[in-house]
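Novice: Just so it is clear, I am handing over structure.txt, which has compact mmCIF, C-alpha atoms and all ligand atoms.
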```txt
# COMPACT_ATOMS: atom_id res chain seq x y z
CA MET A 15 85.49 -38.69 44.05
CA TYR A 16 82.94 -36.09 43.23
CA VAL A 17 83.60 -32.40 42.95
CA VAL A 18 81.94 -30.15 45.48
CA ARG A 19 79.85 -27.67 43.58
CA PRO A 20 77.31 -25.02 44.33
CA ALA A 21 73.71 -25.96 44.51
CA ALA A 22 72.38 -26.04 41.00
CA ALA A 23 69.01 -25.33 39.53
CA ALA A 24 68.26 -27.50 36.54
CA ALA A 25 65.17 -28.30 34.62
CA ALA A 26 64.03 -30.98 32.27
CA ALA A 27 60.94 -32.54 30.87
CA PHE A 28 59.88 -36.05 31.67
CA LEU A 29 56.76 -37.98 30.87
CA GLY A 30 55.01 -34.83 29.80
CA PHE A 31 55.89 -33.06 33.04
CA THR A 32 58.63 -30.64 33.92
CA LEU A 33 60.44 -30.12 37.15
CA THR A 34 63.11 -27.98 38.67
CA VAL A 35 65.53 -29.45 41.15
CA LEU A 36 66.89 -27.01 43.65
CA GLY A 37 69.89 -28.65 45.21
CA GLY A 38 70.55 -27.95 48.87
CA THR A 39 73.97 -27.54 50.44
CA VAL A 40 76.30 -30.03 48.86
CA ALA A 41 77.99 -32.33 51.33
CA SER A 42 81.70 -32.92 50.81
CA ALA A 43 83.12 -36.41 50.67
CA ALA A 44 85.11 -35.60 53.78
CA SER A 45 82.05 -34.88 55.88
CA PRO A 46 79.18 -37.01 54.66
CA ALA A 47 78.32 -38.65 57.95
CA ARG A 48 74.73 -38.78 59.10
CA PRO A 49 73.23 -36.41 56.56
CA SER A 50 70.01 -35.04 57.94
CA ALA A 51 66.99 -34.89 55.70
CA PRO A 52 67.72 -32.00 53.34
CA ARG A 53 65.14 -29.50 52.26
CA ALA A 54 65.75 -29.49 48.56
CA ALA A 55 62.63 -29.02 46.53
CA ALA A 56 61.39 -30.32 43.23
CA GLY A 57 58.96 -27.94 41.60
CA ASP A 58 57.71 -27.44 38.09
CA GLY A 59 58.78 -25.52 35.07
CA GLY A 60 61.90 -24.91 33.03
CA PRO A 61 63.40 -25.93 29.71
CA LEU A 62 64.81 -29.31 28.83
CA ALA A 63 68.39 -29.35 30.10
CA GLY A 64 69.51 -32.85 29.25
CA PRO A 65 68.73 -36.46 30.03
CA VAL A 66 67.11 -37.36 33.32
CA VAL A 67 69.85 -38.46 35.72
CA TYR A 68 68.83 -41.16 38.18
CA ALA A 69 70.94 -41.65 41.30
CA HIS A 70 71.34 -45.43 41.28
CA ARG A 71 70.71 -46.93 44.72
CA GLY A 72 71.01 -43.28 45.77
CA ALA A 73 74.30 -41.47 45.23
CA SER A 74 75.91 -44.84 45.75
CA ALA A 75 79.40 -43.95 44.56
CA TYR A 76 79.73 -41.78 47.65
CA ALA A 77 77.40 -43.23 50.26
CA PRO A 78 76.31 -46.79 51.09
CA GLU A 79 73.83 -48.01 48.49
CA ASN A 80 70.12 -48.14 49.19
CA THR A 81 70.41 -46.33 52.52
CA LEU A 82 68.69 -43.13 53.57
CA GLU A 83 72.13 -41.53 53.60
CA ALA A 84 72.53 -42.27 49.88
CA VAL A 85 69.12 -40.75 49.17
CA ASP A 86 69.92 -37.63 51.17
CA LEU A 87 73.25 -37.20 49.45
CA ALA A 88 71.55 -37.43 46.06
CA VAL A 89 69.26 -34.56 46.90
CA ARG A 90 72.11 -32.55 48.36
CA LEU A 91 73.88 -32.95 45.05
CA GLY A 92 70.73 -31.66 43.34
CA PHE A 93 69.15 -34.86 42.04
CA ALA A 94 65.46 -35.60 42.36
CA TRP A 95 65.35 -39.09 40.94
CA VAL A 96 66.67 -42.02 42.96
CA GLU A 97 66.59 -45.70 42.13
CA ASN A 98 66.22 -48.50 44.68
CA ASP A 99 65.70 -52.25 45.01
CA VAL A 100 62.88 -53.88 46.97
CA GLN A 101 62.89 -57.37 48.53
CA ARG A 102 61.04 -59.09 51.38
CA THR A 103 61.98 -60.38 54.84
CA LYS A 104 61.04 -63.71 56.43
CA ASP A 105 58.15 -62.08 58.26
CA GLY A 106 56.85 -60.23 55.23
CA GLU A 107 58.28 -56.72 55.53
CA LEU A 108 59.48 -55.04 52.34
CA VAL A 109 63.03 -53.76 52.66
CA VAL A 110 65.34 -51.81 50.39
CA ILE A 111 68.44 -53.81 49.45
CA HIS A 112 70.02 -54.96 46.21
CA ASP A 113 71.51 -58.39 46.88
CA ASP A 114 69.31 -61.29 47.94
CA THR A 115 71.77 -61.92 50.76
CA LEU A 116 72.82 -59.50 53.47
CA ALA A 117 76.50 -60.38 53.40
CA ARG A 118 78.01 -57.76 51.10
CA THR A 119 76.35 -54.63 52.43
CA THR A 120 75.84 -55.33 56.15
CA ASP A 121 77.69 -56.78 59.14
CA VAL A 122 75.39 -59.80 59.20
CA GLU A 123 78.28 -62.27 59.23
CA GLN A 124 79.47 -60.81 62.54
CA VAL A 125 76.04 -60.42 64.10
CA PHE A 126 74.61 -63.76 62.96
CA PRO A 127 77.67 -65.96 62.21
CA ASP A 128 75.65 -69.18 62.12
CA ARG A 129 73.05 -68.05 59.59
CA LYS A 130 74.94 -68.58 56.32
CA PRO A 131 74.11 -67.87 53.48
CA TRP A 132 72.43 -64.87 55.11
CA ARG A 133 69.53 -64.58 52.69
CA VAL A 134 67.26 -61.57 53.10
CA ARG A 135 64.23 -63.86 53.08
CA ASP A 136 65.60 -65.90 56.00
CA PHE A 137 65.77 -62.93 58.40
CA THR A 138 63.00 -61.06 60.15
CA ALA A 139 62.65 -57.31 59.83
CA ALA A 140 63.69 -56.93 63.48
CA GLU A 141 66.87 -58.92 62.85
CA ILE A 142 67.72 -56.90 59.77
CA ALA A 143 67.09 -53.68 61.68
CA ARG A 144 69.95 -54.63 64.01
CA LEU A 145 72.47 -54.68 61.18
CA ASP A 146 74.94 -51.97 60.22
CA ALA A 147 74.62 -51.21 56.52
CA GLY A 148 77.17 -48.40 56.40
CA THR A 149 80.51 -49.47 57.86
CA TRP A 150 81.34 -51.75 54.93
CA PHE A 151 81.35 -48.60 52.80
CA GLY A 152 83.15 -46.30 55.23
CA GLU A 153 83.52 -45.78 58.95
CA GLU A 154 81.79 -42.42 58.67
CA TYR A 155 78.61 -44.28 57.73
CA ALA A 156 78.59 -46.59 60.75
CA GLY A 157 75.03 -46.92 61.95
CA ALA A 158 73.34 -46.64 58.58
CA PHE A 159 70.68 -49.33 58.34
CA VAL A 160 68.72 -51.33 55.78
CA PRO A 161 65.53 -49.27 55.46
CA THR A 162 62.12 -50.76 55.20
CA LEU A 163 60.29 -49.65 52.08
CA ARG A 164 58.02 -47.56 54.28
CA GLU A 165 60.95 -45.74 55.86
CA TYR A 166 62.50 -45.24 52.46
CA LEU A 167 59.33 -43.88 50.87
CA ASP A 168 58.84 -41.46 53.73
CA ARG A 169 62.36 -40.11 53.36
CA VAL A 170 62.18 -39.76 49.57
CA ARG A 171 58.84 -38.03 49.91
CA ARG A 172 60.14 -35.70 52.63
CA ASN A 173 63.06 -34.84 50.37
CA GLN A 174 60.58 -34.08 47.57
CA GLN A 175 62.41 -36.58 45.40
CA ARG A 176 61.13 -38.99 42.78
CA LEU A 177 61.49 -42.74 42.73
CA LEU A 178 62.49 -45.36 40.21
CA LEU A 179 61.49 -48.42 42.24
CA GLU A 180 62.82 -51.81 41.20
CA ILE A 181 61.06 -54.96 42.34
CA LYS A 182 64.11 -57.20 42.67
CA LYS A 183 63.91 -60.94 41.95
CA PRO A 184 60.11 -61.15 42.20
CA GLU A 185 60.30 -64.89 41.59
CA LEU A 186 61.65 -65.23 45.15
CA TYR A 187 58.75 -63.33 46.68
CA PRO A 188 55.29 -64.42 45.50
CA GLY A 189 52.81 -61.58 45.73
CA ILE A 190 55.46 -58.88 46.04
CA GLU A 191 53.82 -56.84 43.28
CA GLU A 192 50.52 -56.51 45.16
CA GLN A 193 52.36 -55.91 48.42
CA THR A 194 54.58 -53.21 46.94
CA LEU A 195 51.55 -51.41 45.54
CA LYS A 196 49.82 -51.68 48.93
CA VAL A 197 52.77 -50.07 50.71
CA LEU A 198 53.07 -47.41 48.03
CA GLY A 199 49.39 -46.61 48.44
CA GLU A 200 49.55 -46.44 52.22
CA ALA A 201 52.54 -44.09 51.98
CA GLY A 202 50.72 -41.76 49.61
CA TRP A 203 52.77 -42.69 46.57
CA LEU A 204 49.76 -43.70 44.51
CA ASP A 205 48.14 -40.29 44.84
CA GLU A 206 47.53 -38.66 41.50
CA ARG A 207 50.46 -36.27 41.53
CA TYR A 208 52.89 -39.05 42.41
CA VAL A 209 51.61 -41.38 39.76
CA ALA A 210 51.67 -38.55 37.25
CA GLY A 211 55.36 -37.79 37.45
CA ARG A 212 57.13 -38.96 40.57
CA LEU A 213 57.11 -42.73 40.40
CA VAL A 214 58.23 -45.40 37.96
CA VAL A 215 58.12 -49.12 38.83
CA GLN A 216 60.60 -51.35 37.00
CA SER A 217 61.77 -54.96 36.96
CA PHE A 218 63.88 -57.40 34.99
CA SER A 219 60.85 -59.70 35.06
CA THR A 220 58.42 -59.31 32.19
CA ASP A 221 55.71 -61.02 34.25
CA CYS A 222 56.27 -58.61 37.12
CA VAL A 223 56.02 -55.48 34.98
CA ARG A 224 52.97 -56.85 33.19
CA LEU A 225 51.29 -57.62 36.52
CA VAL A 226 52.04 -54.18 37.99
CA HIS A 227 50.51 -52.64 34.89
CA ARG A 228 47.43 -54.83 35.19
CA LEU A 229 46.98 -54.02 38.88
CA ARG A 230 47.55 -50.28 38.48
CA PRO A 231 47.15 -49.32 34.82
CA ASP A 232 47.76 -45.67 35.67
CA LEU A 233 51.31 -46.31 36.91
CA VAL A 234 54.33 -45.68 34.71
CA THR A 235 56.40 -48.85 34.38
CA ALA A 236 59.73 -49.81 32.87
CA PHE A 237 61.17 -53.12 31.72
CA LEU A 238 64.84 -53.73 32.52
CA GLY A 239 66.51 -55.34 29.55
CA THR A 240 67.16 -55.03 25.84
CA PRO A 241 64.41 -56.76 23.88
CA ALA A 242 64.96 -57.41 20.18
CA VAL A 243 63.44 -54.70 18.01
CA ALA A 244 60.96 -57.20 16.62
CA ASP A 245 59.69 -57.89 20.15
CA LEU A 246 59.32 -54.28 21.25
CA PRO A 247 55.64 -53.94 20.24
CA LYS A 248 54.74 -56.68 22.72
CA TYR A 249 56.41 -54.73 25.52
CA ALA A 250 54.66 -51.53 24.47
CA GLU A 251 51.36 -53.15 25.43
CA PHE A 252 52.18 -53.09 29.14
CA THR A 253 55.09 -50.74 29.73
CA ASP A 254 56.19 -47.20 28.99
CA ARG A 255 59.95 -47.42 29.19
CA ILE A 256 62.67 -49.89 28.25
CA ASN A 257 65.74 -49.64 30.47
CA PRO A 258 68.79 -51.44 29.06
CA TRP A 259 72.40 -52.00 30.11
CA HIS A 260 74.37 -49.38 28.22
CA THR A 261 76.71 -51.90 26.55
CA THR A 262 73.78 -53.54 24.78
CA ILE A 263 72.34 -50.58 22.86
CA SER A 264 72.84 -48.55 19.70
CA ALA A 265 71.33 -45.36 18.34
CA GLU A 266 69.22 -47.48 16.01
CA TRP A 267 67.82 -49.53 18.86
CA VAL A 268 67.00 -46.40 20.87
CA ALA A 269 65.25 -44.93 17.84
CA ALA A 270 63.23 -48.12 17.43
CA VAL A 271 62.00 -47.82 21.00
CA HIS A 272 61.12 -44.17 20.51
CA GLU A 273 59.04 -45.00 17.45
CA LEU A 274 56.60 -46.96 19.58
CA ARG A 275 53.85 -45.67 21.79
CA GLY A 276 53.82 -47.30 25.18
CA ALA A 277 51.08 -48.37 27.54
CA HIS A 278 49.95 -44.79 28.07
CA GLY A 279 50.00 -43.74 24.45
CA LYS A 280 53.21 -41.70 24.61
CA ALA A 281 56.48 -42.37 22.84
CA MET A 282 58.38 -44.98 24.80
CA GLY A 283 61.44 -43.87 26.74
CA VAL A 284 64.89 -45.35 27.29
CA ASP A 285 66.81 -44.99 30.56
CA THR A 286 70.15 -46.78 30.45
CA TRP A 287 72.42 -48.08 33.22
CA ILE A 288 75.03 -48.09 34.82
CA VAL A 289 76.98 -45.15 33.40
CA ASP A 290 79.54 -43.68 35.78
CA ASP A 291 82.05 -41.99 33.47
CA ALA A 292 81.89 -38.94 31.24
CA ALA A 293 82.83 -40.61 27.96
CA THR A 294 80.12 -43.25 28.26
CA ALA A 295 77.59 -40.64 29.36
CA ARG A 296 78.28 -38.62 26.23
CA LYS A 297 78.10 -41.77 24.11
CA VAL A 298 74.66 -42.80 25.34
CA ARG A 299 73.44 -39.19 25.25
CA ASP A 300 74.42 -39.12 21.58
CA MET A 301 72.46 -42.35 21.05
CA GLY A 302 69.39 -40.41 22.16
CA VAL A 303 68.60 -41.97 25.52
CA ASP A 304 66.10 -40.16 27.72
CA GLY A 305 67.73 -40.98 31.02
CA ILE A 306 70.98 -42.19 32.55
CA ILE A 307 71.01 -44.31 35.70
CA THR A 308 74.29 -43.78 37.53
CA ASN A 309 76.08 -44.26 40.82
CA ALA A 310 77.88 -40.94 40.22
CA PRO A 311 75.17 -38.49 39.13
CA ASP A 312 77.44 -35.48 39.44
CA VAL A 313 79.87 -36.99 36.92
CA VAL A 314 77.07 -37.56 34.43
CA ARG A 315 75.65 -34.07 34.93
CA GLU A 316 79.07 -32.57 34.42
CA ALA A 317 79.42 -34.48 31.14
CA VAL A 318 75.98 -34.12 29.57
CA GLY A 319 73.86 -31.79 31.68
CA GLY A 320 70.62 -33.26 32.87
CA PHE A 321 69.15 -33.19 36.33
O1 LIG B 401 68.11 -49.44 37.45
C1 LIG B 401 68.91 -50.30 36.75
C2 LIG B 401 69.75 -51.23 37.59
O2 LIG B 401 69.47 -51.04 38.95
C3 LIG B 401 69.62 -52.64 37.26
O3 LIG B 401 70.62 -53.42 37.80
O4 LIG B 401 71.56 -55.01 39.39
O5 LIG B 401 71.82 -52.59 39.78
O6 LIG B 401 69.63 -53.67 40.11
P1 LIG B 401 70.90 -53.69 39.33
CA CA B 402 68.27 -51.83 40.75
```
Can the structure from this file be put into structure tokens for me?
Specialist:
Amino acid sequence: MYVVRPAAAAAAAFLGFTLTVLGGTVASAASPARPSAPRAAAGDGGPLAGPVVYAHRGASAYAPENTLEAVDLAVRLGFAWVENDVQRTKDGELVVIHDDTLARTTDVEQVFPDRKPWRVRDFTAAEIARLDAGTWFGEEYAGAFVPTLREYLDRVRRNQQRLLLEIKKPELYPGIEEQTLKVLGEAGWLDERYVAGRLVVQSFSTDCVRLVHRLRPDLVTAFLGTPAVADLPKYAEFTDRINPWHTTISAEWVAAVHELRGAHGKAMGVDTWIVDDAATARKVRDMGVDGIITNAPDVVREAVGGF
């Protein structure tokens, strides 16, 4: 359970840009229901305070993952960067959800008992909109829903947050790269100031990351995985960041990534996942990672600073 703390001002540098996160009122775990869109701001300026801390699927240790509530809680805790997962419905709407089935994080089994295995791609957007995506996590989140990517982008933008967008299982959704970029563009997320420091697109699929880079060479991208050092130069041709599972890395590997210049000519970065405890946060910080992707961003900040 996270510790309620005063709103914090922190600053750090990222991708050649700096920002200051001014946290709004911090919600307590006892009263997190229906957080309204907070007014926290992300501005510019300030010294490097620690690694970038990404709220994984939002502040998902304390609110249902990939919901607007999890995004809002992240900004209330003072975190600008949120991570999400994007998939596609039967009728072609992009939605924000991690699993390729709806069973774990919604009440789909009650609402549509005859639709096993409840795959995201077998349901229309209207059907998914009927589902409760909060009660599984806690009664206080009853009524939370699976957001469309458009709804999600609008909320993150309104919160003045920044987005680490994962295209999840692109092999299931032909054309999802082009479609994701289209939605991002329509929502204003491909405007210069967003591309410059507010958006990173990542995937476990090399082909997906390479395609996103080809379609929008100005976008910052990240590859999810831990390529062998000998293979890193190939990745540097089309991506800027390598984002590995924390158990798979060493200080030497991180240094090898940093030695390379990525697709935009800057030293490549490393953002590691999923780190939810202080000891591991300090361990990966000492390895030299640039960012930590975590379900419990307050725990990581407490351990290593960052924002
Ligand atoms: O951002 C890193 C992380 O999200 C990758 O794993 O399964 O949580 O999407 P997963
Ligand atoms: Ca993810």
Novice: How would you write, as an mmCIF file with C-alpha atoms, keeping the file's coordinate frame, the set of residues no farther than 9 Å from ligand CA 402 (chain B) when counting all atoms listed in the file?
Specialist:
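This went into part.cif:
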```cif
data_model
loop_
_atom_site.group_PDB
_atom_site.id
_atom_site.type_symbol
_atom_site.label_atom_id
_atom_site.label_comp_id
_atom_site.auth_asym_id
_atom_site.auth_seq_id
_atom_site.Cartn_x
_atom_site.Cartn_y
_atom_site.Cartn_z
ATOM 1 C CA HIS A 70 71.340 -45.430 41.280
ATOM 2 C CA ARG A 71 70.710 -46.930 44.720
ATOM 3 C CA GLU A 97 66.590 -45.700 42.130
ATOM 4 C CA ASN A 98 66.220 -48.500 44.680
ATOM 5 C CA ASP A 99 65.700 -52.250 45.010
ATOM 6 C CA VAL A 100 62.880 -53.880 46.970
ATOM 7 C CA ILE A 111 68.440 -53.810 49.450
ATOM 8 C CA HIS A 112 70.020 -54.960 46.210
ATOM 9 C CA LEU A 178 62.490 -45.360 40.210
ATOM 10 C CA LEU A 179 61.490 -48.420 42.240
ATOM 11 C CA GLU A 180 62.820 -51.810 41.200
ATOM 12 C CA ILE A 181 61.060 -54.960 42.340
ATOM 13 C CA LYS A 182 64.110 -57.200 42.670
ATOM 14 C CA GLN A 216 60.600 -51.350 37.000
ATOM 15 C CA SER A 217 61.770 -54.960 36.960
#
```
Novice: Would you mind listing what lies within 10 Å of Val197 of chain A as a ChimeraX atom specification, with only C-alpha atoms counted and same-chain residues fewer than 5 positions away left out?
Specialist: /A:107-108,163-164,167,192,202-204
Novice: List all protein, DNA and RNA residues that have at least one atom no more than 12 Å from any atom of ligand LIG 401 (chain B), counting all atoms listed in the file, and write them as a PDB file with C-alpha atoms, in the coordinates of the input.
Specialist:
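Dumped everything to out10.pdb:
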```
ATOM      1  CA  VAL A  67      69.850 -38.460  35.720  1.00  0.00           C
ATOM      2  CA  TYR A  68      68.830 -41.160  38.180  1.00  0.00           C
ATOM      3  CA  ALA A  69      70.940 -41.650  41.300  1.00  0.00           C
ATOM      4  CA  HIS A  70      71.340 -45.430  41.280  1.00  0.00           C
ATOM      5  CA  ARG A  71      70.710 -46.930  44.720  1.00  0.00           C
ATOM      6  CA  GLY A  72      71.010 -43.280  45.770  1.00  0.00           C
ATOM      7  CA  SER A  74      75.910 -44.840  45.750  1.00  0.00           C
ATOM      8  CA  GLU A  79      73.830 -48.010  48.490  1.00  0.00           C
ATOM      9  CA  ASN A  80      70.120 -48.140  49.190  1.00  0.00           C
ATOM     10  CA  TRP A  95      65.350 -39.090  40.940  1.00  0.00           C
ATOM     11  CA  VAL A  96      66.670 -42.020  42.960  1.00  0.00           C
ATOM     12  CA  GLU A  97      66.590 -45.700  42.130  1.00  0.00           C
ATOM     13  CA  ASN A  98      66.220 -48.500  44.680  1.00  0.00           C
ATOM     14  CA  ASP A  99      65.700 -52.250  45.010  1.00  0.00           C
ATOM     15  CA  VAL A 100      62.880 -53.880  46.970  1.00  0.00           C
ATOM     16  CA  GLN A 101      62.890 -57.370  48.530  1.00  0.00           C
ATOM     17  CA  VAL A 110      65.340 -51.810  50.390  1.00  0.00           C
ATOM     18  CA  ILE A 111      68.440 -53.810  49.450  1.00  0.00           C
ATOM     19  CA  HIS A 112      70.020 -54.960  46.210  1.00  0.00           C
ATOM     20  CA  ASP A 113      71.510 -58.390  46.880  1.00  0.00           C
ATOM     21  CA  ASP A 114      69.310 -61.290  47.940  1.00  0.00           C
ATOM     22  CA  LEU A 177      61.490 -42.740  42.730  1.00  0.00           C
ATOM     23  CA  LEU A 178      62.490 -45.360  40.210  1.00  0.00           C
ATOM     24  CA  LEU A 179      61.490 -48.420  42.240  1.00  0.00           C
ATOM     25  CA  GLU A 180      62.820 -51.810  41.200  1.00  0.00           C
ATOM     26  CA  ILE A 181      61.060 -54.960  42.340  1.00  0.00           C
ATOM     27  CA  LYS A 182      64.110 -57.200  42.670  1.00  0.00           C
ATOM     28  CA  LYS A 183      63.910 -60.940  41.950  1.00  0.00           C
ATOM     29  CA  VAL A 214      58.230 -45.400  37.960  1.00  0.00           C
ATOM     30  CA  VAL A 215      58.120 -49.120  38.830  1.00  0.00           C
ATOM     31  CA  GLN A 216      60.600 -51.350  37.000  1.00  0.00           C
ATOM     32  CA  SER A 217      61.770 -54.960  36.960  1.00  0.00           C
ATOM     33  CA  PHE A 218      63.880 -57.400  34.990  1.00  0.00           C
ATOM     34  CA  SER A 219      60.850 -59.700  35.060  1.00  0.00           C
ATOM     35  CA  ALA A 236      59.730 -49.810  32.870  1.00  0.00           C
ATOM     36  CA  PHE A 237      61.170 -53.120  31.720  1.00  0.00           C
ATOM     37  CA  LEU A 238      64.840 -53.730  32.520  1.00  0.00           C
ATOM     38  CA  GLY A 239      66.510 -55.340  29.550  1.00  0.00           C
ATOM     39  CA  THR A 240      67.160 -55.030  25.840  1.00  0.00           C
ATOM     40  CA  ARG A 255      59.950 -47.420  29.190  1.00  0.00           C
ATOM     41  CA  ILE A 256      62.670 -49.890  28.250  1.00  0.00           C
ATOM     42  CA  ASN A 257      65.740 -49.640  30.470  1.00  0.00           C
ATOM     43  CA  PRO A 258      68.790 -51.440  29.060  1.00  0.00           C
ATOM     44  CA  TRP A 259      72.400 -52.000  30.110  1.00  0.00           C
ATOM     45  CA  HIS A 260      74.370 -49.380  28.220  1.00  0.00           C
ATOM     46  CA  VAL A 284      64.890 -45.350  27.290  1.00  0.00           C
ATOM     47  CA  ASP A 285      66.810 -44.990  30.560  1.00  0.00           C
ATOM     48  CA  THR A 286      70.150 -46.780  30.450  1.00  0.00           C
ATOM     49  CA  TRP A 287      72.420 -48.080  33.220  1.00  0.00           C
ATOM     50  CA  ILE A 288      75.030 -48.090  34.820  1.00  0.00           C
ATOM     51  CA  VAL A 289      76.980 -45.150  33.400  1.00  0.00           C
ATOM     52  CA  GLY A 305      67.730 -40.980  31.020  1.00  0.00           C
ATOM     53  CA  ILE A 306      70.980 -42.190  32.550  1.00  0.00           C
ATOM     54  CA  ILE A 307      71.010 -44.310  35.700  1.00  0.00           C
ATOM     55  CA  THR A 308      74.290 -43.780  37.530  1.00  0.00           C
ATOM     56  CA  ASN A 309      76.080 -44.260  40.820  1.00  0.00           C
TER      57      ASN A 309
END
```
Novice: What does the distance from atom CA of Thr162 of chain A to atom CA of Thr81 of chain A come to in Å, to one decimal?
Specialist: 9.8 Å
Novice: If the box runs along x, y and z of the file and leaves 3 Å on each side of segment 155-171 of chain A, what are its centre and edge lengths in Å, one decimal, as JSON?
Specialist:
```
{"center_x": 68.3, "center_y": -44.7, "center_z": 55.8, "size_x": 26.6, "size_y": 19.3, "size_z": 18.4}
```
Novice: Can you work out the spacing between atom CA of Arg129 of chain A and atom CA of Ala117 of chain A in Å, to one decimal?
Specialist: 10.4 Å
Novice: In the coordinates of the file, take the point (78.6, -39.2, 31.0) and a cut-off of 6 Å; then, counting all atoms listed in the file, name each qualifying protein, DNA or RNA residue as a VMD selection string.
Specialist: chain A and resid 291 to 296 314 317 to 318
Novice: Kindly save the residues from that selection, with C-alpha atoms included, as a CSV table (one decimal), in the frame of the given file.
Specialist:
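Output contents, as saved in out-v5.csv:
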```
chain,number,residue,atom,x,y,z
A,291,ASP,CA,82.0,-42.0,33.5
A,292,ALA,CA,81.9,-38.9,31.2
A,293,ALA,CA,82.8,-40.6,28.0
A,294,THR,CA,80.1,-43.2,28.3
A,295,ALA,CA,77.6,-40.6,29.4
A,296,ARG,CA,78.3,-38.6,26.2
A,314,VAL,CA,77.1,-37.6,34.4
A,317,ALA,CA,79.4,-34.5,31.1
A,318,VAL,CA,76.0,-34.1,29.6
```
Novice: Just to confirm, what's the straight-line distance from atom CA of Pro161 of chain A to atom CA of Cys222 of chain A in Å (one decimal)?
Specialist: 22.6 Å
Novice: My list of candidates is A:Arg135, A:Arg224, A:His272, A:Lys280. Which is closest to Phe252 of chain A when distances are computed with all atoms listed in the file?
Specialist: A:Arg224
Novice: Go through A:Lys196, A:Arg207, A:Arg228, A:Arg176 and flag the residue nearest Ala94 of chain A, using only C-alpha atoms for the distances.
Specialist: A:Arg176
Novice: Counting all atoms listed in the file, which residues have an atom no more than 12 Å from (67.7, -44.8, 16.3) in the file's coordinates? Please list them as a list in words.
Specialist: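 Every residue inside that radius is included here: Val243, Ile263, Ser264, Ala265, Glu266, Trp267, Val268, Ala269, Ala270, Val271, His272, Glu273, Leu274, Val284, Val298, Asp300, Met301, Gly302 and Val303 of chain A.
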Novice: Tell me which protein, DNA and RNA residues are within 7 Å of segment 142-150 of chain A, counting all atoms listed in the file, leaving out same-chain ones fewer than 3 positions away, and put them as number ranges by chain.
Specialist: A: 78, 119-122, 137-139, 153, 155-160
Novice: Could you please take those selected residues and save C-alpha atoms as a PDB file, in the coordinates of the input?
Specialist:
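Full text of result08.pdb as output:
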```
ATOM      1  CA  PRO A  78      76.310 -46.790  51.090  1.00  0.00           C
ATOM      2  CA  THR A 119      76.350 -54.630  52.430  1.00  0.00           C
ATOM      3  CA  THR A 120      75.840 -55.330  56.150  1.00  0.00           C
ATOM      4  CA  ASP A 121      77.690 -56.780  59.140  1.00  0.00           C
ATOM      5  CA  VAL A 122      75.390 -59.800  59.200  1.00  0.00           C
ATOM      6  CA  PHE A 137      65.770 -62.930  58.400  1.00  0.00           C
ATOM      7  CA  THR A 138      63.000 -61.060  60.150  1.00  0.00           C
ATOM      8  CA  ALA A 139      62.650 -57.310  59.830  1.00  0.00           C
ATOM      9  CA  GLU A 153      83.520 -45.780  58.950  1.00  0.00           C
ATOM     10  CA  TYR A 155      78.610 -44.280  57.730  1.00  0.00           C
ATOM     11  CA  ALA A 156      78.590 -46.590  60.750  1.00  0.00           C
ATOM     12  CA  GLY A 157      75.030 -46.920  61.950  1.00  0.00           C
ATOM     13  CA  ALA A 158      73.340 -46.640  58.580  1.00  0.00           C
ATOM     14  CA  PHE A 159      70.680 -49.330  58.340  1.00  0.00           C
ATOM     15  CA  VAL A 160      68.720 -51.330  55.780  1.00  0.00           C
TER      16      VAL A 160
END
```
Novice: Neighbouring residues of Ala73 of chain A were defined as those with any atom within 7 Å, considering all atoms listed in the file; residues of the same chain fewer than 3 positions away were excluded. Please report them as number ranges by chain.
Specialist: A: 69-70, 76-77, 84-85, 87-88, 309-311
Novice: Rank A:Leu213, A:Ala250, A:Leu82, A:Met282 by their smallest atom-to-atom distance to Leu233 of chain A, using all atoms listed in the file, and report the top residue only.
Specialist: A:Leu213
